[in-house]
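**Q** The structure file structure-v6.txt (compact mmCIF, C-alpha atoms) is provided below.
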```
# COMPACT_ATOMS: atom_id res chain seq x y z
CA MET N 1 26.47 30.38 -30.59
CA VAL N 2 30.20 29.98 -30.90
CA ILE N 3 31.35 26.51 -30.09
CA THR N 4 34.96 26.50 -29.02
CA GLU N 5 36.93 23.39 -29.65
CA ILE N 6 37.81 21.34 -26.59
CA THR N 7 41.20 19.74 -27.04
CA GLU N 8 42.48 16.39 -25.90
CA GLN N 9 45.12 18.27 -23.92
CA GLN N 10 42.40 19.98 -21.87
CA ILE N 11 40.88 16.60 -21.08
CA TRP N 12 44.21 15.22 -19.87
CA LEU N 13 44.59 18.28 -17.63
CA ALA N 14 41.07 17.82 -16.24
CA LEU N 15 41.83 14.18 -15.51
CA GLU N 16 44.74 15.29 -13.33
CA ASN N 17 42.04 16.46 -10.90
CA VAL N 18 40.53 13.00 -10.59
CA LYS N 19 42.29 11.30 -7.72
CA ASP N 20 42.46 7.63 -6.87
CA PRO N 21 39.93 7.37 -4.01
CA GLU N 22 42.21 4.98 -2.14
CA ILE N 23 45.40 7.04 -2.62
CA PRO N 24 44.16 10.62 -2.74
CA VAL N 25 47.56 12.17 -3.59
CA ILE N 26 47.74 10.71 -7.08
CA SER N 27 45.52 11.11 -10.10
CA VAL N 28 44.12 8.53 -12.49
CA VAL N 29 46.64 9.88 -15.04
CA ASP N 30 49.58 9.37 -12.63
CA MET N 31 48.35 5.84 -12.06
CA GLY N 32 48.40 5.08 -15.78
CA MET N 33 44.73 4.11 -15.65
CA ILE N 34 43.63 6.16 -18.66
CA THR N 35 44.11 4.16 -21.84
CA GLY N 36 42.41 6.33 -24.43
CA ILE N 37 40.53 9.51 -25.20
CA GLN N 38 38.29 9.79 -28.23
CA LEU N 39 36.71 13.04 -29.34
CA PRO N 40 34.05 11.95 -31.81
CA LEU N 41 32.62 14.50 -34.25
CA SER N 42 28.94 14.87 -33.84
CA ASP N 43 26.60 15.66 -36.71
CA PHE N 44 24.06 17.04 -34.31
CA GLY N 45 26.18 19.71 -32.72
CA LEU N 46 26.47 17.74 -29.47
CA ARG N 47 29.88 17.74 -27.94
CA THR N 48 30.75 14.31 -26.65
CA CYS N 49 33.87 12.41 -25.77
CA SER N 50 34.70 8.92 -24.76
CA ILE N 51 37.36 7.93 -22.25
CA THR N 52 38.63 4.43 -21.67
CA MET N 53 40.26 3.33 -18.44
CA THR N 54 41.73 0.13 -17.11
CA PRO N 55 41.21 -0.83 -13.45
CA THR N 56 44.17 -1.64 -11.24
CA PHE N 57 42.56 -4.83 -9.91
CA VAL N 58 39.76 -6.71 -11.67
CA GLY N 59 37.60 -6.61 -8.54
CA CYS N 60 38.53 -3.06 -7.54
CA PRO N 61 35.47 -1.72 -5.68
CA ALA N 62 36.45 1.87 -6.51
CA ILE N 63 35.85 1.47 -10.26
CA ASP N 64 32.34 2.93 -10.24
CA VAL N 65 33.37 5.88 -8.10
CA ILE N 66 36.35 6.58 -10.38
CA LYS N 67 34.17 6.37 -13.51
CA LYS N 68 31.67 8.78 -11.98
CA ASN N 69 34.42 11.21 -10.92
CA ILE N 70 36.02 11.15 -14.38
CA ARG N 71 32.69 11.84 -16.04
CA GLU N 72 31.84 14.74 -13.73
CA GLU N 73 35.27 16.35 -14.04
CA VAL N 74 35.41 16.15 -17.83
CA LEU N 75 31.81 17.34 -18.22
CA LYS N 76 32.93 20.61 -16.60
CA LEU N 77 34.92 21.39 -19.76
CA GLY N 78 31.62 21.95 -21.54
CA PHE N 79 30.75 18.58 -23.03
CA ASP N 80 27.15 17.55 -23.50
CA GLU N 81 27.99 13.97 -22.68
CA VAL N 82 31.06 12.06 -21.52
CA GLU N 83 31.21 8.32 -21.77
CA VAL N 84 33.64 6.39 -19.56
CA LYS N 85 34.38 2.82 -20.55
CA VAL N 86 36.33 0.16 -18.68
CA ASP N 87 38.54 -1.93 -20.92
CA PHE N 88 40.50 -5.02 -20.05
CA GLU N 89 42.35 -4.98 -23.35
CA THR N 90 45.12 -2.88 -21.92
CA LYS N 91 46.35 -4.76 -18.92
CA TRP N 92 47.09 -2.49 -15.97
CA THR N 93 50.32 -3.29 -14.23
CA SER N 94 52.05 -1.28 -11.52
CA ASP N 95 54.72 -0.43 -14.13
CA ARG N 96 52.18 1.96 -15.65
CA MET N 97 52.45 4.21 -12.60
CA LYS N 98 54.48 7.31 -13.52
CA PRO N 99 57.87 7.83 -11.81
CA GLU N 100 56.73 11.14 -10.28
CA ALA N 101 53.65 9.37 -8.93
CA LYS N 102 55.86 6.86 -7.15
CA VAL N 103 57.57 9.75 -5.35
CA LYS N 104 54.17 11.08 -4.24
CA VAL N 105 53.08 7.62 -3.12
CA GLU N 106 56.18 7.24 -0.96
CA LYS N 107 55.64 10.66 0.63
CA PHE N 108 52.06 9.58 1.33
CA GLY N 109 53.53 6.74 3.42
CA LEU N 110 53.17 3.87 0.98
CA ALA N 111 56.23 2.05 -0.39
CA PRO N 112 55.92 2.31 -4.19
CA PRO N 113 56.01 -0.79 -6.41
CA VAL N 114 59.27 -1.84 -8.10
CA MET N 115 59.40 -2.11 -11.91
CA LEU N 116 58.60 -5.64 -13.07
CA ASN N 117 59.23 -5.13 -16.82
CA ASP N 118 56.87 -8.01 -17.59
CA GLU N 119 59.00 -10.39 -15.53
CA GLU N 120 57.93 -12.51 -12.57
CA LEU N 121 58.33 -10.91 -9.16
CA THR N 122 61.59 -12.18 -7.64
CA GLU N 123 62.30 -13.10 -4.05
CA GLU N 124 64.87 -10.28 -3.93
CA GLN N 125 62.34 -7.70 -5.11
CA LEU N 126 59.92 -8.97 -2.52
CA ASN N 127 62.42 -8.59 0.30
CA ASN N 128 64.20 -5.44 -0.78
CA VAL N 129 61.55 -2.82 -0.08
CA ARG N 130 62.40 0.60 1.36
CA CYS N 131 60.53 1.86 4.41
CA PRO N 132 58.73 5.10 3.47
CA TYR N 133 59.35 6.53 6.96
CA CYS N 134 63.07 5.92 7.58
CA GLN N 135 64.29 4.70 4.15
CA SER N 136 65.80 1.52 5.59
CA THR N 137 65.56 -1.57 3.40
CA ASP N 138 65.71 -3.82 6.45
CA THR N 139 62.03 -4.68 6.09
CA THR N 140 59.91 -7.79 5.77
CA LEU N 141 56.59 -8.78 4.25
CA ARG N 142 54.00 -9.34 6.99
CA SER N 143 51.03 -10.03 4.77
CA ALA N 144 50.44 -9.92 1.04
CA PHE N 145 47.06 -8.35 1.80
CA GLY N 146 46.41 -4.97 3.37
CA SER N 147 43.68 -2.41 3.83
CA THR N 148 42.91 -2.27 0.09
CA LEU N 149 43.39 -4.80 -2.72
CA CYS N 150 46.49 -2.99 -4.00
CA ARG N 151 48.38 -2.94 -0.70
CA ALA N 152 50.55 -5.35 1.26
CA ILE N 153 51.58 -5.00 4.92
CA ARG N 154 55.27 -4.81 5.79
CA PHE N 155 57.35 -4.19 8.89
CA CYS N 156 60.53 -2.13 9.22
CA PHE N 157 63.15 -3.52 11.61
CA SER N 158 65.02 -0.24 11.66
CA CYS N 159 62.27 2.15 12.85
CA LYS N 160 60.12 -0.67 14.25
CA GLN N 161 56.99 0.43 12.44
CA GLY N 162 54.51 -1.30 10.26
CA PHE N 163 53.94 0.24 6.86
CA GLU N 164 52.05 -0.49 3.68
CA GLN N 165 53.39 -1.17 0.22
CA PHE N 166 51.71 -0.73 -3.15
CA LYS N 167 52.00 -4.25 -4.50
CA PRO N 168 54.02 -4.78 -7.66
CA ILE N 169 51.59 -6.50 -9.99
CA MET T 1 31.94 -23.88 -30.19
CA SER T 2 29.99 -21.41 -28.09
CA ASN T 3 28.61 -24.20 -25.86
CA ALA T 4 32.13 -25.38 -25.10
CA LEU T 5 33.21 -21.84 -24.28
CA LYS T 6 30.17 -21.26 -22.10
CA ASP T 7 30.82 -24.43 -20.17
CA LEU T 8 34.43 -23.40 -19.50
CA LEU T 9 33.52 -19.84 -18.50
CA PHE T 10 30.65 -20.91 -16.26
CA LYS T 11 32.71 -23.41 -14.32
CA MET T 12 35.51 -20.89 -13.80
CA ALA T 13 33.15 -18.08 -12.85
CA ASP T 14 31.09 -20.26 -10.51
CA ASP T 15 34.22 -21.58 -8.79
CA ALA T 16 35.41 -18.00 -8.27
CA LEU T 17 32.03 -16.77 -7.02
CA ILE T 18 31.51 -19.59 -4.54
CA ILE T 19 35.06 -19.67 -3.15
CA GLY T 20 34.85 -15.88 -2.99
CA HIS T 21 31.70 -16.12 -0.90
CA ARG T 22 33.30 -18.72 1.37
CA ASN T 23 36.43 -16.55 1.78
CA SER T 24 34.22 -13.64 2.79
CA GLU T 25 32.88 -15.71 5.67
CA TRP T 26 36.24 -15.14 7.38
CA THR T 27 35.64 -11.39 7.49
CA GLY T 28 35.55 -10.38 11.12
CA ILE T 29 36.46 -13.80 12.52
CA GLY T 30 39.94 -14.49 11.12
CA PRO T 31 42.38 -16.04 13.61
CA MET T 32 44.42 -12.84 13.45
CA LEU T 33 43.88 -9.47 11.84
CA GLU T 34 46.23 -10.13 8.91
CA GLU T 35 44.36 -13.32 8.04
CA ASP T 36 41.02 -11.61 8.37
CA LEU T 37 42.27 -9.06 5.82
CA ALA T 38 43.85 -11.71 3.60
CA PHE T 39 40.70 -13.81 3.24
CA SER T 40 38.57 -10.67 2.85
CA SER T 41 40.88 -9.34 0.11
CA MET T 42 40.95 -12.68 -1.66
CA ALA T 43 37.16 -12.76 -1.49
CA GLN T 44 37.01 -9.39 -3.18
CA ASP T 45 39.47 -10.51 -5.88
CA LYS T 46 37.61 -13.75 -6.56
CA ILE T 47 34.22 -12.11 -6.81
CA GLY T 48 35.79 -9.57 -9.18
CA HIS T 49 37.11 -12.43 -11.31
CA ALA T 50 33.69 -14.08 -11.33
CA GLN T 51 32.11 -10.80 -12.40
CA ALA T 52 34.62 -10.35 -15.24
CA LEU T 53 33.97 -13.91 -16.47
CA TYR T 54 30.18 -13.46 -16.30
CA LYS T 55 30.67 -10.23 -18.23
CA ILE T 56 32.37 -12.12 -21.07
CA LEU T 57 29.43 -14.56 -21.07
CA ASN T 58 27.11 -11.57 -21.29
CA ASP T 59 29.04 -9.41 -23.80
CA VAL T 60 30.34 -12.09 -26.16
CA LEU T 61 28.19 -15.17 -25.70
CA GLY T 62 24.72 -13.73 -25.25
CA GLU T 63 24.06 -14.81 -21.67
CA ALA T 64 22.28 -12.61 -19.12
CA ASP T 65 24.09 -9.89 -17.17
CA ALA T 66 26.47 -10.72 -14.31
CA ASP T 67 23.99 -10.06 -11.50
CA THR T 68 21.35 -12.29 -13.07
CA LEU T 69 23.89 -15.07 -13.61
CA ALA T 70 25.20 -14.80 -10.07
CA PHE T 71 21.94 -14.38 -8.18
CA LYS T 72 19.11 -15.78 -10.26
CA ARG T 73 20.21 -19.22 -11.36
CA GLU T 74 19.06 -22.48 -9.89
CA GLU T 75 21.51 -24.65 -8.01
CA LYS T 76 21.58 -27.31 -10.73
CA ASN T 77 22.80 -24.76 -13.25
CA PHE T 78 25.91 -23.96 -11.23
CA LYS T 79 29.08 -25.63 -12.54
CA CYS T 80 31.39 -25.15 -9.56
CA CYS T 81 33.37 -28.07 -8.18
CA GLN T 82 32.36 -29.41 -4.77
CA LEU T 83 35.66 -28.35 -3.16
CA VAL T 84 34.66 -24.69 -3.21
CA GLU T 85 31.22 -25.40 -1.73
CA GLN T 86 32.52 -26.87 1.50
CA PRO T 87 31.99 -24.75 4.62
CA ILE T 88 35.05 -22.85 5.81
CA GLY T 89 35.48 -25.26 8.71
CA GLU T 90 38.44 -24.34 10.86
CA TYR T 91 41.33 -22.25 9.62
CA ASP T 92 43.44 -25.33 8.73
CA PHE T 93 40.83 -26.51 6.23
CA SER T 94 40.38 -23.07 4.68
CA ILE T 95 44.12 -22.62 4.17
CA VAL T 96 44.53 -26.11 2.70
CA ARG T 97 41.60 -25.56 0.37
CA GLN T 98 43.01 -22.21 -0.66
CA PHE T 99 46.38 -23.83 -1.37
CA LEU T 100 44.91 -26.65 -3.48
CA PHE T 101 42.41 -24.47 -5.32
CA ASP T 102 44.57 -21.43 -6.02
CA HIS T 103 47.48 -23.40 -7.45
CA ALA T 104 45.05 -24.98 -9.92
CA GLU T 105 43.56 -21.58 -10.64
CA LEU T 106 46.95 -19.94 -11.28
CA ILE T 107 48.01 -22.68 -13.68
CA ARG T 108 44.62 -22.59 -15.42
CA TYR T 109 44.92 -18.84 -16.04
CA ASP T 110 48.53 -19.23 -17.07
CA MET T 111 47.46 -21.80 -19.70
CA LEU T 112 44.62 -19.51 -20.79
CA THR T 113 46.99 -16.62 -21.57
CA GLN T 114 47.65 -18.68 -24.73
CA SER T 115 43.96 -19.16 -25.52
CA SER T 116 42.68 -18.56 -29.04
CA PHE T 117 39.62 -16.95 -27.42
CA GLN T 118 40.95 -13.41 -27.04
CA PRO T 119 38.62 -12.01 -24.34
CA LEU T 120 39.64 -14.84 -22.04
CA ALA T 121 43.34 -14.64 -22.95
CA GLN T 122 43.35 -10.93 -22.10
CA LEU T 123 41.55 -11.40 -18.81
CA ALA T 124 43.87 -14.29 -17.92
CA LYS T 125 46.96 -12.10 -18.24
CA LYS T 126 45.46 -9.65 -15.79
CA VAL T 127 44.05 -12.13 -13.28
CA LYS T 128 47.25 -14.18 -13.14
CA GLY T 129 49.14 -11.35 -11.46
CA GLU T 130 46.51 -11.15 -8.72
CA ILE T 131 46.30 -14.88 -8.05
CA LYS T 132 50.06 -15.04 -7.60
CA TYR T 133 49.56 -13.23 -4.31
CA HIS T 134 46.88 -15.73 -3.28
CA VAL T 135 49.25 -18.60 -3.97
CA MET T 136 52.07 -16.86 -2.14
CA HIS T 137 49.77 -16.49 0.86
CA ALA T 138 48.74 -20.16 0.81
CA ASP T 139 52.31 -21.44 0.38
CA THR T 140 53.57 -19.33 3.28
CA PHE T 141 50.99 -20.67 5.73
CA VAL T 142 51.10 -24.27 4.53
CA LYS T 143 54.86 -24.33 5.09
CA LEU T 144 54.67 -22.42 8.36
CA LEU T 145 51.96 -24.62 9.89
CA GLY T 146 53.28 -27.87 8.41
CA ASN T 147 56.64 -27.19 10.03
CA GLY T 148 55.08 -25.72 13.18
CA THR T 149 53.87 -27.56 16.25
CA GLU T 150 52.64 -31.15 16.48
CA GLU T 151 49.10 -29.83 16.58
CA SER T 152 49.39 -27.51 13.57
CA LYS T 153 51.04 -30.26 11.54
CA ALA T 154 48.40 -32.83 12.48
CA ARG T 155 45.58 -30.43 11.72
CA LEU T 156 47.01 -29.56 8.34
CA GLN T 157 47.54 -33.20 7.43
CA THR T 158 43.98 -34.10 8.44
CA SER T 159 42.58 -31.28 6.33
CA LEU T 160 44.82 -32.19 3.41
CA ASN T 161 43.62 -35.79 3.55
CA TYR T 162 40.00 -34.62 3.70
CA ALA T 163 40.37 -32.07 0.88
CA TRP T 164 42.44 -34.25 -1.47
CA HIS T 165 39.70 -36.11 -3.33
CA LEU T 166 37.54 -33.01 -3.37
CA ALA T 167 40.42 -31.08 -4.96
CA LEU T 168 40.91 -33.73 -7.62
CA GLY T 169 37.29 -33.05 -8.55
CA ILE T 170 38.42 -29.64 -9.85
CA PHE T 171 39.66 -31.47 -12.94
CA GLU T 172 36.38 -33.20 -13.83
CA LYS T 173 36.21 -33.27 -17.60
CA SER T 174 33.33 -31.90 -19.57
CA GLU T 175 31.84 -33.27 -22.78
CA PHE T 176 33.56 -30.39 -24.60
CA GLU T 177 37.10 -31.27 -23.56
CA ASN T 178 38.27 -32.28 -27.03
CA ASP T 179 36.68 -29.25 -28.68
CA LEU T 180 38.43 -26.88 -26.30
CA ILE T 181 41.77 -28.55 -26.95
CA SER T 182 41.47 -28.82 -30.73
CA GLU T 183 40.37 -25.18 -31.05
CA ASN T 184 43.30 -24.08 -28.86
CA ILE T 185 40.94 -22.50 -26.38
CA PHE T 186 42.19 -24.43 -23.38
CA ALA T 187 44.75 -27.24 -23.19
CA GLY T 188 42.43 -29.35 -21.04
CA GLU T 189 41.81 -30.59 -17.50
CA GLU T 190 44.19 -33.53 -17.80
CA GLU T 191 47.10 -31.25 -18.67
CA LEU T 192 46.09 -28.86 -15.88
CA LYS T 193 45.99 -31.67 -13.34
CA LYS T 194 49.43 -32.89 -14.42
CA ARG T 195 50.97 -29.44 -13.99
CA TRP T 196 49.14 -28.93 -10.70
CA LEU T 197 50.57 -32.12 -9.20
CA GLN T 198 54.07 -31.18 -10.36
CA LYS T 199 53.68 -27.82 -8.65
CA ILE T 200 52.08 -28.74 -5.34
CA ILE T 201 53.90 -31.97 -4.46
CA PRO T 202 57.27 -30.30 -3.72
CA ILE T 203 55.52 -27.68 -1.58
CA ILE T 204 53.62 -30.32 0.41
CA GLU T 205 56.93 -32.09 0.98
CA ALA T 206 58.62 -28.84 2.00
CA ALA T 207 55.80 -28.46 4.53
CA SER T 208 56.77 -31.89 5.97
CA LEU T 209 53.34 -33.27 5.08
CA LYS T 210 52.43 -36.53 3.38
CA ILE T 211 50.87 -36.59 -0.07
CA PRO T 212 47.53 -38.37 0.40
CA ALA T 213 47.08 -41.58 -1.60
CA THR T 214 44.75 -41.13 -4.54
CA ASP T 215 41.83 -43.54 -4.82
CA GLU T 216 40.20 -42.87 -8.21
CA SER T 217 36.86 -44.13 -6.91
CA LYS T 218 36.83 -41.50 -4.16
CA ILE T 219 37.37 -38.44 -6.36
CA VAL T 220 34.42 -36.13 -5.85
CA TYR T 221 32.98 -35.48 -9.30
CA GLY T 222 29.60 -34.07 -10.21
CA GLY T 223 29.92 -30.34 -9.60
CA ARG T 224 30.79 -29.55 -13.20
CA LYS T 225 27.58 -31.27 -14.30
CA GLY T 226 25.31 -29.59 -11.75
CA PHE T 227 25.39 -32.23 -9.01
CA HIS T 228 26.35 -30.52 -5.80
CA SER T 229 27.04 -31.24 -2.16
CA GLU T 230 24.48 -30.48 0.55
CA TYR T 231 26.37 -27.22 1.24
CA LEU T 232 25.74 -25.29 -1.97
CA LYS T 233 22.00 -24.73 -1.60
CA PRO T 234 22.20 -23.02 1.83
CA LEU T 235 25.08 -20.88 0.54
CA LEU T 236 23.04 -19.75 -2.47
CA ASP T 237 20.02 -19.06 -0.27
CA GLU T 238 22.11 -16.81 1.93
CA MET T 239 23.93 -15.13 -0.96
CA CYS T 240 20.69 -14.40 -2.80
CA GLU T 241 18.68 -13.33 0.23
CA VAL T 242 18.81 -9.61 -0.53
CA VAL T 243 17.99 -9.87 -4.21
CA ARG T 244 15.12 -12.26 -3.51
CA SER T 245 13.71 -9.99 -0.83
CA ASP T 246 12.86 -7.41 -3.45
CA GLU T 247 13.51 -8.66 -6.95
CA ALA T 248 12.17 -5.59 -8.68
CA THR T 249 14.17 -2.88 -6.99
CA ALA T 250 17.13 -4.44 -5.19
CA GLU T 251 20.33 -2.84 -6.38
CA TRP T 252 23.87 -2.32 -5.09
```
Starting from the file, lay out its structure as structure tokens.
**A**
Amino acid sequence: MVITEITEQQIWLALENVKDPEIPVISVVDMGMITGIQLPLSDFGLRTCSITMTPTFVGCPAIDVIKKNIREEVLKLGFDEVEVKVDFETKWTSDRMKPEAKVKVEKFGLAPPVMLNDEELTEEQLNNVRCPYCQSTDTTLRSAFGSTLCRAIRFCFSCKQGFEQFKPI
Amino acid sequence: MSNALKDLLFKMADDALIIGHRNSEWTGIGPMLEEDLAFSSMAQDKIGHAQALYKILNDVLGEADADTLAFKREEKNFKCCQLVEQPIGEYDFSIVRQFLFDHAELIRYDMLTQSSFQPLAQLAKKVKGEIKYHVMHADTFVKLLGNGTEESKARLQTSLNYAWHLALGIFEKSEFENDLISENIFAGEEELKKRWLQKIIPIIEAASLKIPATDESKIVYGGRKGFHSEYLKPLLDEMCEVVRSDEATAEW
């Protein structure tokens, strides 16, 4: 039997198909959740790989679903086993979200998070959030907590609609 | 050193688990939808933090897994402070408790980002960002209600007076205090309490409330050593009801 090599590049492409269950337009790669891919050599002819990911929030209830989805998607490439590990060593922050992902998030109707660059969130950043529907920045924070752990609820004075924001964290 | 570390991790994890459970009691009955969501979200965060701390106890310090630690320990082995055990009461008490507890929690994690114990330092960096939103939530409502109507102000003050000596019990020292400090694991409860007072006093004043007088003899200690209020046992019974109903096969 000819065993073709599965490359890391193929794994990254497969991971593009694994969406965040709470924001189905963006993948775990877009979110910056994947922190490592290891392709260990096996002496027994088994093809295995190990993927590490970092959750957005420590108590994120979607972690198990995401792990399962990653495993199933990557197994399709022809691996005998795929291990998915959660690591807290790489801290997830909203800065890890790719710029193109932020565009998708906004189109989805969620205001994307501003870049924090390892600084504290300022009052100005908190107030100056653009409405994803009408692009006005005349908006206010209604509640720091929304329908999922990563969202806050805001209100736009210009189009008079409530909207959600992906929290900068 | 591992006993000192275990003591620190257990008290933090148990605080987070119990306050998380209390927060979840607001699910469905919050005074308005946003507050229902806020307390439910904070519950989810806190229980996640507890789980991550139990996981360190399991992975690094040889304790049982998170579910066993959360659901199969006797009351006397819990190290939470008595503040977090109190029933949710009315909304004014819950918001005041959240304010007093979360400020201490944020400062504790901030101090722990410098810890020589790497697993905790790493977790602290992550958790800090989440608790900032809890503190922001508490500050907003404490200021809003303190500067609101006569009734909201009076209610907040009454709850603050009631919670004050319970909150000071957060900083009950353990027998390992000096070990934690000398090993640069944690700078200690005394330092935490000092920073906490510096932080909360200006906010209480901005909320037009009075700082309650501290009577050392009234500070509610005991929780850290396994002595709890009458409220913890019923909470644990309720929390563990499912797992106890079918110990062999219950899973979630």
**Q** May I have the residues within 8 Å of segment 11-27 of chain T as number ranges by chain, using all atoms listed in the file and disregarding those fewer than 5 positions away in the same chain?
**A** T: 36-37, 39-40, 42-47, 49-51, 53-54, 70, 78-81, 84-85, 87-88, 224, 239
**Q** For Gly36 of chain N, list every protein, DNA or RNA residue within 12 Å, evaluated using only C-alpha atoms, and leave out those in the same chain fewer than 4 positions away; present the list as number ranges by chain.
**A** N: 8, 11-12, 15, 29, 32, 49-54, 83-87, 89-90
**Q** Return the single residue from T:Gln86, T:Gln98, T:Ser182, T:Ser217 that is closest to Val142 of chain T, with distances computed using all atoms listed in the file.
**A**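 Distance minimum relative to Val142 of chain T lands on T:Gln98.
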**Q** Determine the nearest neighbour of Gln114 of chain T from the options T:Ser41, T:Thr158, T:Asn184, T:Gln82, counting all atoms listed in the file.
**A** T:Asn184
**Q** How close does chain N get to chain T? List, as CSV, each residue of chain N within 7 Å, its nearest atom pair and the distance in Å to one decimal, counting all atoms listed in the file.
**A**
```
residue,atom,partner,partner_atom,distance
N:Val58,CA,T:Gly48,CA,5.5
N:Gly59,CA,T:Gly48,CA,3.5
N:Phe88,CA,T:Leu123,CA,6.6
N:Glu89,CA,T:Gln122,CA,6.2
N:Lys91,CA,T:Lys126,CA,5.9
N:Ser143,CA,T:Glu34,CA,6.3
N:Ala144,CA,T:Tyr133,CA,6.4
N:Phe145,CA,T:Ala38,CA,5.0
N:Gly146,CA,T:Leu37,CA,6.3
N:Leu149,CA,T:Ser41,CA,5.9
N:Ile169,CA,T:Gly129,CA,5.6
```
**Q** Could you please take those selected residues and save C-alpha atoms as an mmCIF file, in the frame of the given file?
**A**
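What landed in part.cif:
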```cif
data_model
loop_
_atom_site.group_PDB
_atom_site.id
_atom_site.type_symbol
_atom_site.label_atom_id
_atom_site.label_comp_id
_atom_site.auth_asym_id
_atom_site.auth_seq_id
_atom_site.Cartn_x
_atom_site.Cartn_y
_atom_site.Cartn_z
ATOM 1 C CA VAL N 58 39.760 -6.710 -11.670
ATOM 2 C CA GLY N 59 37.600 -6.610 -8.540
ATOM 3 C CA PHE N 88 40.500 -5.020 -20.050
ATOM 4 C CA GLU N 89 42.350 -4.980 -23.350
ATOM 5 C CA LYS N 91 46.350 -4.760 -18.920
ATOM 6 C CA SER N 143 51.030 -10.030 4.770
ATOM 7 C CA ALA N 144 50.440 -9.920 1.040
ATOM 8 C CA PHE N 145 47.060 -8.350 1.800
ATOM 9 C CA GLY N 146 46.410 -4.970 3.370
ATOM 10 C CA LEU N 149 43.390 -4.800 -2.720
ATOM 11 C CA ILE N 169 51.590 -6.500 -9.990
#
```
**Q** Just give me the gap between atom CA of Arg151 of chain N and atom CA of Phe166 of chain N in Å, one decimal is fine.
**A**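 Atom CA of Phe166 of chain N lies 4.7 Å from atom CA of Arg151 of chain N.
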**Q** Find the residue from N:Val28, N:Ile6, N:Ile23, N:Leu126 that sits nearest to Ser147 of chain N; use only C-alpha atoms when measuring.
**A**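 Among the listed residues, N:Ile23 lies closest to Ser147 of chain N.
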**Q** Taking all atoms listed in the file into account, name the residue in N:Leu110, N:Ala14, N:Val103, N:Ile26 that is nearest to Thr148 of chain N.
**A** N:Leu110
**Q** Measuring between only C-alpha atoms, which one of N:Asp20, N:Cys156, N:Leu121, N:Ala111 shows the shortest distance to Asp64 of chain N?
**A**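 Under the stated criterion, the closest residue is N:Asp20.
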**Q** From the list T:Ser245, T:Asn3, T:Asn58, T:Ser208, which residue is nearest Leu144 of chain T when using only C-alpha atoms?
**A**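 Checking each of T:Ser245, T:Asn3, T:Asn58, T:Ser208 against Leu144 of chain T, counting only C-alpha atoms, the winner is T:Ser208.
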**Q** Could you state the separation of atom CA of Ile131 of chain T and atom CA of Leu5 of chain T in Å, given to one decimal place?
**A**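 Going from atom CA of Ile131 of chain T over to atom CA of Leu5 of chain T, I get 22.0 Å.
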**Q** List the spatial neighbours of Leu116 of chain N as a list in words - criterion: any atom at most 10 Å away, all atoms listed in the file, same-chain residues fewer than 4 positions off excluded.
**A** Thr93, Ser94, Asp95, Glu120, Leu121, Thr122, Gln125, Pro168 and Ile169 of chain N
**Q** At what distance in Å, to one decimal, does atom CA of Gly28 of chain T lie from atom CA of Glu247 of chain T?
**A** 28.6 Å
**Q** Give me the residues within 10 Å of Glu189 of chain T as a list of chain:residue names, counting only C-alpha atoms and dropping any in the same chain fewer than 4 places off.
**A**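 These residues fall inside the cut-off: T:Ala104, T:Arg108, T:Ile170, T:Phe171, T:Glu172, T:Lys173, T:Ser174, T:Glu177, T:Ile181, T:Lys193, T:Lys194, T:Arg195.
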**Q** Output as an mmCIF file, in the frame of the given file: segment 220-229 of chain T, completed with N, CA and C atoms.
**A**
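Result saved to part.cif:
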```cif
data_model
loop_
_atom_site.group_PDB
_atom_site.id
_atom_site.type_symbol
_atom_site.label_atom_id
_atom_site.label_comp_id
_atom_site.auth_asym_id
_atom_site.auth_seq_id
_atom_site.Cartn_x
_atom_site.Cartn_y
_atom_site.Cartn_z
ATOM 1 N N VAL T 220 35.770 -36.697 -5.932
ATOM 2 C CA VAL T 220 34.420 -36.130 -5.850
ATOM 3 C C VAL T 220 34.073 -35.374 -7.143
ATOM 4 N N TYR T 221 33.436 -36.083 -8.049
ATOM 5 C CA TYR T 221 32.980 -35.480 -9.300
ATOM 6 C C TYR T 221 31.513 -35.078 -9.180
ATOM 7 N N GLY T 222 31.033 -34.402 -10.179
ATOM 8 C CA GLY T 222 29.600 -34.070 -10.210
ATOM 9 C C GLY T 222 29.348 -32.578 -10.337
ATOM 10 N N GLY T 223 30.148 -31.790 -9.618
ATOM 11 C CA GLY T 223 29.920 -30.340 -9.600
ATOM 12 C C GLY T 223 29.837 -29.716 -10.976
ATOM 13 N N ARG T 224 30.744 -30.146 -11.852
ATOM 14 C CA ARG T 224 30.790 -29.550 -13.200
ATOM 15 C C ARG T 224 29.537 -29.852 -14.013
ATOM 16 N N LYS T 225 28.783 -30.882 -13.558
ATOM 17 C CA LYS T 225 27.580 -31.270 -14.300
ATOM 18 C C LYS T 225 26.304 -30.883 -13.539
ATOM 19 N N GLY T 226 26.484 -30.095 -12.475
ATOM 20 C CA GLY T 226 25.310 -29.590 -11.750
ATOM 21 C C GLY T 226 24.880 -30.424 -10.556
ATOM 22 N N PHE T 227 25.699 -31.439 -10.207
ATOM 23 C CA PHE T 227 25.390 -32.230 -9.010
ATOM 24 C C PHE T 227 26.250 -31.707 -7.864
ATOM 25 N N HIS T 228 25.596 -31.202 -6.834
ATOM 26 C CA HIS T 228 26.350 -30.520 -5.800
ATOM 27 C C HIS T 228 26.206 -31.164 -4.425
ATOM 28 N N SER T 229 27.099 -30.736 -3.529
ATOM 29 C CA SER T 229 27.040 -31.240 -2.160
ATOM 30 C C SER T 229 25.863 -30.555 -1.439
#
```
